[in-house]
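Below is one structure; the comments refer to it alone.
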Amino acid sequence: MKFRIFSLLLLLSLSLSAAAQSSATQGDGPRSFRLSSTTFTNGETLPLSTIYNDIVNGSNACSLNGSPGGDESPELSWTKAPRGTASFVVTLYDKTAAFTHWGMYNISPTATGLPENAGVPGSTYGEEILNDFEVGDQYDGPCPPNGYQPYVHHYVFTVYALDTVLHLPSSTNFPANAETLYQALIKAGENGNILASSSIVGLYSTTPTE
């Protein structure tokens, strides 16, 4: 499954690169699309408010010192969305472990971001996929294993601006999941429906570095 998701993301990356090159002569619209967060700084450690809770013997195995995590999606904001945007997609992918923590799609084209804790079950901000924890259609935060190299995991938040909405196949027995979403994004990229994308990275580790 990890190799499958990695392959899908590689195809998506190649598709977006080709789209960016083909639109290079049309101004810097796609390149000016930017994602940011007030919850954390790009390239820095994620706060406990975003970390998953896995309580073992009264301690959270997902945090460095056992403190409980808030398991809340961070605030995200984007600027200069391309003209013609019909919906946004947001994903959270642990690049180190090849693990998808969150996917929200068909976010309103008038949105300029998501508030903290937007990734709750039944969110009103968009439709969500079953993440790789497989416990629900929702955000579930970082929980890197202790003591396994590489110690520091890279959590990539990405927003995509699309000129269409996505229709993901889903049923009670086979809910829309990460693979379903990435396949839809690849198809959208190949069809030229992804107008722009932007990413920021948060870091987290449960292993002391000193």
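To be explicit about the labels: the chains of the structure tokens are called A, B, and onward in the order shown, and within each one the residues are counted from 1, while ligands get numbers from 1 in the order they are shown.
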
So which residues touch Gly113 (chain A) within 10 Å, counting only C-alpha atoms, skipping near sequence neighbours fewer than 3 positions away, as a list in words? Leu35, Ser36, Ser37, Glu75, Leu76, Ser77, Trp78, Thr79, Phe88, Val90, Ile107, Ser108, Thr110, Glu116, Ala118, Tyr125 and Val159 of chain A

I'd like to know which residues of region 57-185 of chain A are helix (DSSP H, G or I) (by DSSP, run on the backbone); could you write them as number ranges by chain? A: 178-185

Resulting file, chosen residues, N, CA and C atoms, as a tab-separated table (two decimals), in the first residue's frame:
chain	number	residue	atom	x	y	z
A	178	ALA	N	-7.44	7.57	0.74
A	178	ALA	CA	-6.32	8.32	0.17
A	178	ALA	C	-6.06	7.93	-1.27
A	179	GLU	N	-6.05	6.65	-1.56
A	179	GLU	CA	-5.78	6.20	-2.91
A	179	GLU	C	-6.84	6.73	-3.88
A	180	THR	N	-8.11	6.69	-3.46
A	180	THR	CA	-9.19	7.21	-4.28
A	180	THR	C	-8.97	8.68	-4.61
A	181	LEU	N	-8.58	9.46	-3.58
A	181	LEU	CA	-8.39	10.90	-3.77
A	181	LEU	C	-7.20	11.18	-4.68
A	182	TYR	N	-6.07	10.50	-4.45
A	182	TYR	CA	-4.89	10.75	-5.27
A	182	TYR	C	-5.13	10.35	-6.73
A	183	GLN	N	-5.86	9.27	-6.94
A	183	GLN	CA	-6.18	8.88	-8.32
A	183	GLN	C	-7.03	9.96	-9.00
A	184	ALA	N	-7.98	10.52	-8.25
A	184	ALA	CA	-8.82	11.59	-8.80
A	184	ALA	C	-7.98	12.83	-9.12
A	185	LEU	N	-7.01	13.13	-8.25
A	185	LEU	CA	-6.15	14.30	-8.47
A	185	LEU	C	-5.23	14.08	-9.67

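Of the listed residues (A:Phe33, A:Tyr148, A:Tyr155, A:Trp102), A:Trp102 comes nearest to Asn131 (chain A); the distances count only C-alpha atoms.
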
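Note that the spacing between CA of Pro150 (chain A) and CA of Leu203 (chain A) amounts to 11.8 Å.
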
Enumerate, as a PyMOL selection string, the complete set of residues in region 40-204 of chain A that a backbone-based DSSP assignment places in strand (DSSP E or B). chain A and resi 45+55-56+59-60+76-79+87-94+99-107+113-114+127-128+130+137+153-162+177+194-204
